[in-house]
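Written out below as structure tokens is the structure these notes cover.
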Amino acid sequence: MSAISLFFVDVLQLGVVICLSPALVGWVRMLKCWSQGRTSAGLMQPYRDLSKLFAKNIMMAENTSWIFRSMPYIVFGVVVLIGGIVPILTIDLPMSPVADVIVIVALFAIARFFTALAGMDIGTAFGGMGSSREMMIAALAEPAMLMSIFTISLSAKSTSLSQIVHVIYSGQTVLKPSIIFALLAFIMITLAETGRIPVDNPSTHLELTMIHEAMILEYSGRHLALIEWASMMKLFIYSTIGIALFFPWGIAPVNSIPNLAAAFLFMVCKLAVISAGIVLIETGLAKMRLFRLTEYLGAAFLLATLGMLSYFILD
Amino acid sequence: MNIASEIIGFLAALVLLTAFGMLAQKRIYSLISLFAWQGLFLSLNTALVGYVSERHHLYLSSLLTLSLKVFLLPYILHVLIRRLKIAKEVESIVNIPATMLIGIALVIFSYHLTAPVRELSTLMTRSTLAVALATVMLGLLMMITRKHAVSQIIGFLAMENGLFFAATSATYGMPLVVELGVALDILIAAFIFGMFFFQISKTFDSLNVEHMARLKEED
Amino acid sequence: MASVVILFSAVLVPVFLHRSQGVMIAVTFLIASVASLLGLIAGGMAVTARSTDKIVLALGLPDLPFHLRLDVLSGYFMVVIGLLSLYVSIYSLGYVKGYLGKRSVTSLVIFYCMFLAGMFMVVLADDALIFLISWEIMAISSYFLVIFENEVAENRKSAFLYLVIAHIGAIAILLSFGALAGLTSGTGDFQGYTFDAMRNAQHPLKWATVAFLLALFGFGAKAGIVPLHVWLPEAHPVAPSNVSALMSGVMLKTAIYGLIRVCFDLIKVFPWWWGGIILMIGLVSTIMGILYALMQNDLKRLLAYSSVKNIGIILIGIGLSMVFHSLDLPLLAALALAAGLYHTINHAMFKGLLFMGAGSVLHATGERNMEDMGGLIHQMPWTAAFFLVGCVSISALPPFNGFVSEWLTFQVFLLSPSIQSPLIKLLMPIGAAVLALAGALAAAAFVKVFGVVFLGHWRGTRKTAIHEANLPMKAGMGLAAISCLALGVMPSLFLGWIDAIPNRYVGAGIMSAAQSRDWLWLSPISSERASYSGAIVFIVILVVVVATYIILHVKPGMIYRGPIWDCGFEKINQRMQYNSTSFAMPIRTVFGYLFKIRENTRLARQTANPAFPVLLHYRLKIRDRIWEWMYQPIVQLSFWVSRQTGRLQRGRINTYLIYSFLSIIILLVFM
């Protein structure tokens with residue numbers, strides 16, 4: 001395939017990520033409402049929310065600086081970049097050598113860094129509170145995430161996501177305990193990083209219980225739209241990273257129209273199942289208080305380390 | 001054969017996971033149920049090894065483990081706790097993250113120790129010896145760092161689990177007579193513990209071992 | 001060798017001009033910049049040409065002339081030193097002007113030039129004698145620089161501590177060289193003191209170990225590893241900021257240079273556990289350094305502790321390289337060494353930038369305590385922007401340079417399954433986890449720094465007029481910021497350039513072994529294994545940001561400014577913001593058991609209902625446990641020994657005469 005069509009495939013994947021992530025969040029909210037016996041607002045509601053926000057004017061706090069104004073763009077740009085790198089529809093992406101999985105974690109860290117700075121920029125207690133809590137959670141979650149990714153990359157002998165998928169395709173399916181542990185740890189960390197219960201409640205309106213929302217409390221209009229969209233895309237991308245690392249069957253190994261179409265269908269089904277899992281966890285658990293998160297993230301780190309150790313001991 | 005050895009490895013990992021889980025628990029009932037799960041994984045493992053190596057006496061010991069460790073002992077402990085109105089939280093001397101780190105270090109240590117055995121053994125279960133040794137050490141760690149008497153028993157029982165697991169992985173199980181003898185010993189130990197707890201609790205009104213440390217004479 | 005001449009002249013110039021301070025400052029720092037530039041060029045040429053130059057100076061003691069040598073390793077470190085001192089000298093042109101009128105800067109200027117000269121000579125030294133002489137010059141001149149503001153008693157104490165530890169380190173280095181020299185040529189002949197002789201000799205293992213441990217102690221004391229780090233957070237804050245930038249950026253690197261020189265060049269063969277010790281020390285320093293940094297409220301102390309952390313990362317790279325080298329895995333050893341060296345120059349760049357920014361803040365506000373600052377981004381936009389570049393680089397975020405060296409270190413950790421020994425194999429993932437934790441904590445620390453110092457509102461009470469930094473300061477900082485970005489987006493070019501160093505010392509170069517792609521991609525092992533392109537990351541993010549901005553501004557809405565959301569409280573003031581203590585509080589709660597923390601809150605004024613207090617006293621005391629466990633006992637012991645020895649002094653003449661008499665008898669008997 002020529003370079004143009006490769007580029008086109010990448011743009012197509014980016015389009016899927018950007019356009020479908022609000023649908024994913026809408027689906028999660030629908031499932032949550034069904035499981036709680038409420039009537040949902042519909043699959044399209046996030047789209048309606050975003051278009052409403054884009055049309056509104058912006059109100060900024062008096063003393064905020066250019067960091068506040070530029071953070072939504074930077075975060076959106078970083079997340080779009082990651083969307084073009086993760087193998088969602090196909091392995092053969094031109095952008096995949098740009099970043100391996102460690103770089104992806106660091107790119108999410110850039111988004112978090114600037115969000116925390118914007119929280120401090122506001123100059124109130126709420127913003128600082130959100131920033132400091134978020135950085136604490138990040139500090140505990142990153143080692144666990146990296147350990148669980150390392151476990152997979154040890155068996156695949158590579159840290160590039162496309163290569164990992166390729167190796168899983170060409171090897172046999174094995175029920176290795178290291179992978180199970182790494183999967184459990186990955187699930188726990190994803191809940192922490194995307195700000196879901198039991199770590200953070202994404203739909204809370206009480207400021208003292210917010211972590212992610214507290215940092216973006218002052219945003220409005222198109223800035224808020226970009227930030228919301230970026231966090232929807234973050235959920236989408238984390239789910240697809242999980243799919244690529246643990247259940248990649250269905251991703252197109254070569255670029256051809258039938259392969260890509262099949263890959264798209266597989267992706268939709270897998271994401272629907274993952275959303276059901278997320279809703280089950282969110283409805284079944286309660287949000288933990290902040291300092292119990294040490295135990296939660298410590299357990300995730302322990303699982304990841306056990307996975308790593310089992311790789312050496314049992315395989 | 002390959003699938004069987006993978007499942008054995010998987011069960012071994014689950015045993016290790018439950019051992020760590022017991023280290024991390026603060027509630028008595030969860031501790032007991034984790035112990036029951038560990039017994040279940042152990043008996044499944046023994047049955048599978050028995051099937052693969054065609055030593056049918058392992059089926060018997062698997063059944064024995066199942067009835068003793070999964071049903072009988074947890075039941076006895078539940079009764080004890082209810083009868084003696086024991087406190088339901090476990091306090092520990094070292095805080096939980098530090099205990100976990102020590103646990104991980106012990107796993108690495110036991111892996112290093114069993115490396116020569118792994119080279120020499122020809123059995124299918126040779127890689128699980130490290131896990132067995134680790135379970136013994138983690139049981140000992142639990143006995144050391146907990147202040148609650150019931151958790152110390154469970155640590156002791158977990159050690160025994162580990163030893164049993166080590167026997168299965170190193171030599172495909174001990175002779176049946178030895179197994180029966182060990183099982184009987186465990187049962188009697190559980191009864192004796194029960195009686196002691198009853199007496200201690202009646203005399204001192206508490207099962208916290210720190211309180212018992214005050215029994216020594218001051219000089 | 002012209003660079004050497006320039007360096008000597010750099011020392012002498014300021015002596016002549018001390019009358020007119022302004023001119024003196026301008027002229028001297030210009031000459032210092034030129035000298036640094038020459039050093040930089042000389043070093044750069046040495047690395048590019050992969051050459052080795054030697055000269056023997058006729059100075060020095062009779063029979064022990066000075067040897068100087070410029071090979072690829074020295075050249076690389078000269079590049080590091082030269083680059084940062086060029087930027088700092090330009091910066092100092094503006095910074096030192098702030099002292100005019102308040103005190104005489106003659107001593108600052110003289111010792112600055114001596115300090116630079118000393119550092120360059122350390123890197124060029126080829127025998128033990130001139131190495132130690134230049135080491136001493138470096139230490140003494142930096143002592144005088146640290147004590148520049150000597151009317152505050154605290155500063156004198158800190159500088160004294162620095163001097164003591166530096167000299168204990170120097171003694172250890174002397175003993176180490178002595179051991180090596182003695183091995184080479186026996187005790188009868190002094191010719192073993194040249195590095196050439198040491199290089200060519202075979203070293204028996206026991207004595208080589210002794211020499212290694214002494215060298216580790218000595219160089220480690222200067223580099224600031226835990227537990228020998230206690231002088232760093234005392235000395236760096238009290239020095240003038242351009243000096244702190246140099247000390248933290250390059251003086252610590254001379255210690256790294258010494259360690260690499262001793263281990264890889266002089267003692268070429270070593271067992272794996274030497275590397276293991278260095279790796280352990282590196283890991284401990286990394287994590288403890290950043291935890292200490294998070295607890296600090298003083299801006300420069302925080303930056304000093306973060307230097308401890310980064311030295312730890314460099315030592316991790318070097319330790320891994322030594323482990324792999326002793327296990328005979330040249331490719332991995334080369335990668336690890338390259339990662340360590342890359343982090344050396346990265347740290348010089350971003351730490352220099354951060355200290356220069358801190359100096360600019362100090363210059364403008366007169367404060368060092370972060371709790372009293374805030375909102376400076378509005379008055380000091382340039383400083384804030386450059387400081388942000390430094391913060392992003394040190395938090396290891398792409399596409400800046402800090403990320404590249406951390407990424408390389410992670411790749412080395414991931415290659416460890418090639419090792420046979422199972423124990424090392426299992427410890428590697430733990431090391432990788434510690435590095436990841438330290439990286440995330442560093443990001444937290446620098447969000448705290450930038451957020452508390454530059455963002456929000458002014459938290460203090462007095463408000464002096466705050467002005468932006470002047471042009472030379474901005475130029476120095478800007479150049480360092482551009483280097484950070486350049487080193488971040490062009491890593492393969494840089495790695496290809498320094499490839500000679502790993503090639504020489506561990507026998508393999510990484511760029512030659514890897515399938516070389518063009519300059520955009522960094523794939524150290526192979527592109528299937530892992531690859532990263534800093535340039536493309538930077539460009540794509542930029543393109544998306546600009547595109548989004550343009551799309552959204554086709555029909556821009558209005559932007560209103562309004563008061564901040566206060567949840568209906570109405571009496572919100574700037575004291576209610578998060579400051580640095582509160583920002584670090586969650587992390588302090590999680591990791592606090594590593595320190596001795598005492599926190600208490602007490603009602604200051606009794607009110608009718610204790611649930612609605614009016615005034616509270618809050619006290620937080622954080623102590624370093626290492627200080628209490630290691631240093632206090634040593635200090636007590638030395639006091640006790642001196643007291644006992646003091647008993648020899650009776651004050652009576654007869655006693656002293658008896659001492660002399662006894663000594664004469666003993667000498668007569670035993671001679």
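Labeling convention for the structure tokens: chains A, B, ... as they appear, residues from 1 per chain, ligands from 1 in order of appearance.
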Determine, counting only C-alpha atoms, which protein, DNA and RNA residues have an atom within 10 Å of an atom of A:Val78; residues of the same chain fewer than 5 positions away are not included. Present the result as a ChimeraX atom specification. /A:73,83,104,107-111,230 /C:537-538,540-542,544-545
Generate a file of the selected residues that holds N, CA and C atoms, formatted as a short mmCIF file (atom, residue, chain, number, x, y, z; two decimals), in the first residue's frame.
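Written file, selection10.cif:
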```
data_model
loop_
_atom_site.label_atom_id
_atom_site.label_comp_id
_atom_site.auth_asym_id
_atom_site.auth_seq_id
_atom_site.Cartn_x
_atom_site.Cartn_y
_atom_site.Cartn_z
N TYR A 73 -6.22 23.41 24.57
CA TYR A 73 -5.67 23.08 23.27
C TYR A 73 -4.54 22.06 23.39
N GLY A 83 -4.25 9.20 19.93
CA GLY A 83 -5.26 8.48 19.17
C GLY A 83 -4.75 7.99 17.83
N ILE A 104 3.57 6.75 25.39
CA ILE A 104 2.14 7.05 25.50
C ILE A 104 1.80 7.42 26.94
N LEU A 107 2.96 10.83 27.46
CA LEU A 107 2.12 11.84 26.80
C LEU A 107 0.89 12.13 27.63
N PHE A 108 0.28 11.08 28.21
CA PHE A 108 -0.83 11.35 29.11
C PHE A 108 -0.36 12.17 30.30
N ALA A 109 0.90 11.95 30.71
CA ALA A 109 1.43 12.73 31.82
C ALA A 109 1.53 14.21 31.47
N ILE A 110 1.83 14.52 30.19
CA ILE A 110 1.86 15.93 29.80
C ILE A 110 0.49 16.55 30.01
N ALA A 111 -0.55 15.81 29.55
CA ALA A 111 -1.91 16.35 29.70
C ALA A 111 -2.21 16.60 31.17
N ALA A 230 -11.62 15.79 25.32
CA ALA A 230 -10.34 15.10 25.54
C ALA A 230 -10.49 14.02 26.60
N VAL C 537 6.61 14.09 17.56
CA VAL C 537 5.67 14.37 18.66
C VAL C 537 5.47 15.87 18.78
N PHE C 538 6.57 16.59 18.79
CA PHE C 538 6.50 18.03 18.93
C PHE C 538 5.72 18.65 17.80
N VAL C 540 3.56 17.29 15.65
CA VAL C 540 2.14 16.94 15.56
C VAL C 540 1.32 17.69 16.60
N ILE C 541 1.86 17.76 17.83
CA ILE C 541 1.10 18.48 18.86
C ILE C 541 0.91 19.93 18.44
N LEU C 542 1.99 20.51 17.92
CA LEU C 542 1.91 21.90 17.50
C LEU C 542 0.87 22.08 16.41
N VAL C 544 -1.71 20.17 15.65
CA VAL C 544 -3.10 19.98 16.11
C VAL C 544 -3.56 21.19 16.91
N VAL C 545 -2.66 21.72 17.76
CA VAL C 545 -3.06 22.87 18.58
C VAL C 545 -3.42 24.04 17.67
#
```
Can you work out which residues from chain A touch chain B at a cut-off of 12 Å (counting only C-alpha atoms) and hand them back as a ChimeraX atom specification? /A:172-181,184,292,294-315
Show me which bits of chain C are within 6 Å of chain A, counting only C-alpha atoms, as a PyMOL selection string. chain C and resi 397+433+436-437+440-441+444+451+455-457+529-533+541+544-545+557-564+576-578+583+587
For chain C against chain B, which residues fall within 12 Å using only C-alpha atoms, given as a PyMOL selection string? chain C and resi 420-430+590-591+593-594
Extract the full set of alpha helix (DSSP H) residues from stretch 86-276 of chain A according to DSSP on the backbone, and format it as a ChimeraX atom specification. /A:101-122,125-156,161-170,177-193,212-215,221-246,257-276
Can you pull out the residues contacting C:Ile498? Cut-off 12 Å, using only C-alpha atoms, and skip same-chain residues under 6 positions away; I want them as a PyMOL selection string. chain C and resi 43-50+71-77+79+334-335+337-342+345+491-492+504+509-512
Restricting the output to C-alpha atoms, write the selected residues as a PDB file, in the first residue's frame.
```
ATOM      1  CA  GLY C  43      35.659  19.428  23.670  1.00  0.00           C
ATOM      2  CA  GLY C  44      33.248  19.146  20.789  1.00  0.00           C
ATOM      3  CA  MET C  45      36.057  18.709  18.319  1.00  0.00           C
ATOM      4  CA  ALA C  46      37.638  16.045  20.466  1.00  0.00           C
ATOM      5  CA  VAL C  47      34.439  14.021  20.574  1.00  0.00           C
ATOM      6  CA  THR C  48      33.704  14.421  16.887  1.00  0.00           C
ATOM      7  CA  ALA C  49      37.195  13.549  15.811  1.00  0.00           C
ATOM      8  CA  ARG C  50      37.452  10.773  18.393  1.00  0.00           C
ATOM      9  CA  ASP C  71      40.137  12.330  24.936  1.00  0.00           C
ATOM     10  CA  VAL C  72      36.529  11.613  24.089  1.00  0.00           C
ATOM     11  CA  LEU C  73      35.364  11.335  27.676  1.00  0.00           C
ATOM     12  CA  SER C  74      37.102  14.531  28.728  1.00  0.00           C
ATOM     13  CA  GLY C  75      35.879  16.178  25.571  1.00  0.00           C
ATOM     14  CA  TYR C  76      32.292  15.278  26.320  1.00  0.00           C
ATOM     15  CA  PHE C  77      32.488  16.648  29.822  1.00  0.00           C
ATOM     16  CA  VAL C  79      31.225  20.196  26.240  1.00  0.00           C
ATOM     17  CA  ALA C 334      26.796   0.768  25.801  1.00  0.00           C
ATOM     18  CA  LEU C 335      23.125   1.690  25.907  1.00  0.00           C
ATOM     19  CA  LEU C 337      26.311   4.244  29.561  1.00  0.00           C
ATOM     20  CA  ALA C 338      24.849   6.361  26.789  1.00  0.00           C
ATOM     21  CA  ALA C 339      21.676   6.856  28.838  1.00  0.00           C
ATOM     22  CA  GLY C 340      23.725   7.970  31.850  1.00  0.00           C
ATOM     23  CA  LEU C 341      25.826  10.385  29.818  1.00  0.00           C
ATOM     24  CA  TYR C 342      22.773  11.793  28.064  1.00  0.00           C
ATOM     25  CA  ILE C 345      23.983  16.886  29.807  1.00  0.00           C
ATOM     26  CA  PRO C 491      18.288  12.543  20.254  1.00  0.00           C
ATOM     27  CA  SER C 492      19.644  10.229  17.609  1.00  0.00           C
ATOM     28  CA  ARG C 504      35.834   2.961  23.727  1.00  0.00           C
ATOM     29  CA  GLY C 509      28.516   1.516  20.031  1.00  0.00           C
ATOM     30  CA  ILE C 510      24.780   1.547  19.939  1.00  0.00           C
ATOM     31  CA  MET C 511      24.195   3.468  16.773  1.00  0.00           C
ATOM     32  CA  SER C 512      26.351   1.224  14.677  1.00  0.00           C
TER      33      SER C 512
END
```
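Atom CA of C:Ser582 is found 19.1 Å from atom CA of C:Leu603.
Residues in contact range of B:Ile32, defined as at most 8 Å between only C-alpha atoms, with sequence neighbours fewer than 2 positions away removed, read Ile28, Tyr29, Ser30, Leu34, Phe35, Ala36, Pro74, Leu77 and Ile154 of chain B.
Closest approach to A:Val167 among A:Trp249, A:Cys19, A:Arg196, A:Ser35 is made by A:Trp249 (distances from only C-alpha atoms).
Of the listed residues C:Asn609, C:Thr254, C:Ser248, C:Gln379, the one whose atoms come nearest to C:Ser134 is C:Thr254, with distances taken using only C-alpha atoms.
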Can you pull out the residues contacting B:Arg55? Cut-off 9 Å, using only C-alpha atoms, and skip same-chain residues under 4 positions away; I want them as a ChimeraX atom specification. /B:49-51,59,172-173
Taking only C-alpha atoms into account, name the residue in A:Asn255, A:Ser170, A:Ile189, A:Lys287 that is nearest to A:Phe8.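 Distance minimum relative to A:Phe8 lands on A:Asn255.
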Contacts of stretch 352-369 of chain C at 8 Å or less, counting only C-alpha atoms, minus same-chain residues fewer than 4 places along, as a ChimeraX atom specification? /C:84,88,91,95,98,240-242,244-246,248-249,297-300,303,347-348,373,383-384,386-387,390-391,464-469,473,477,480-481
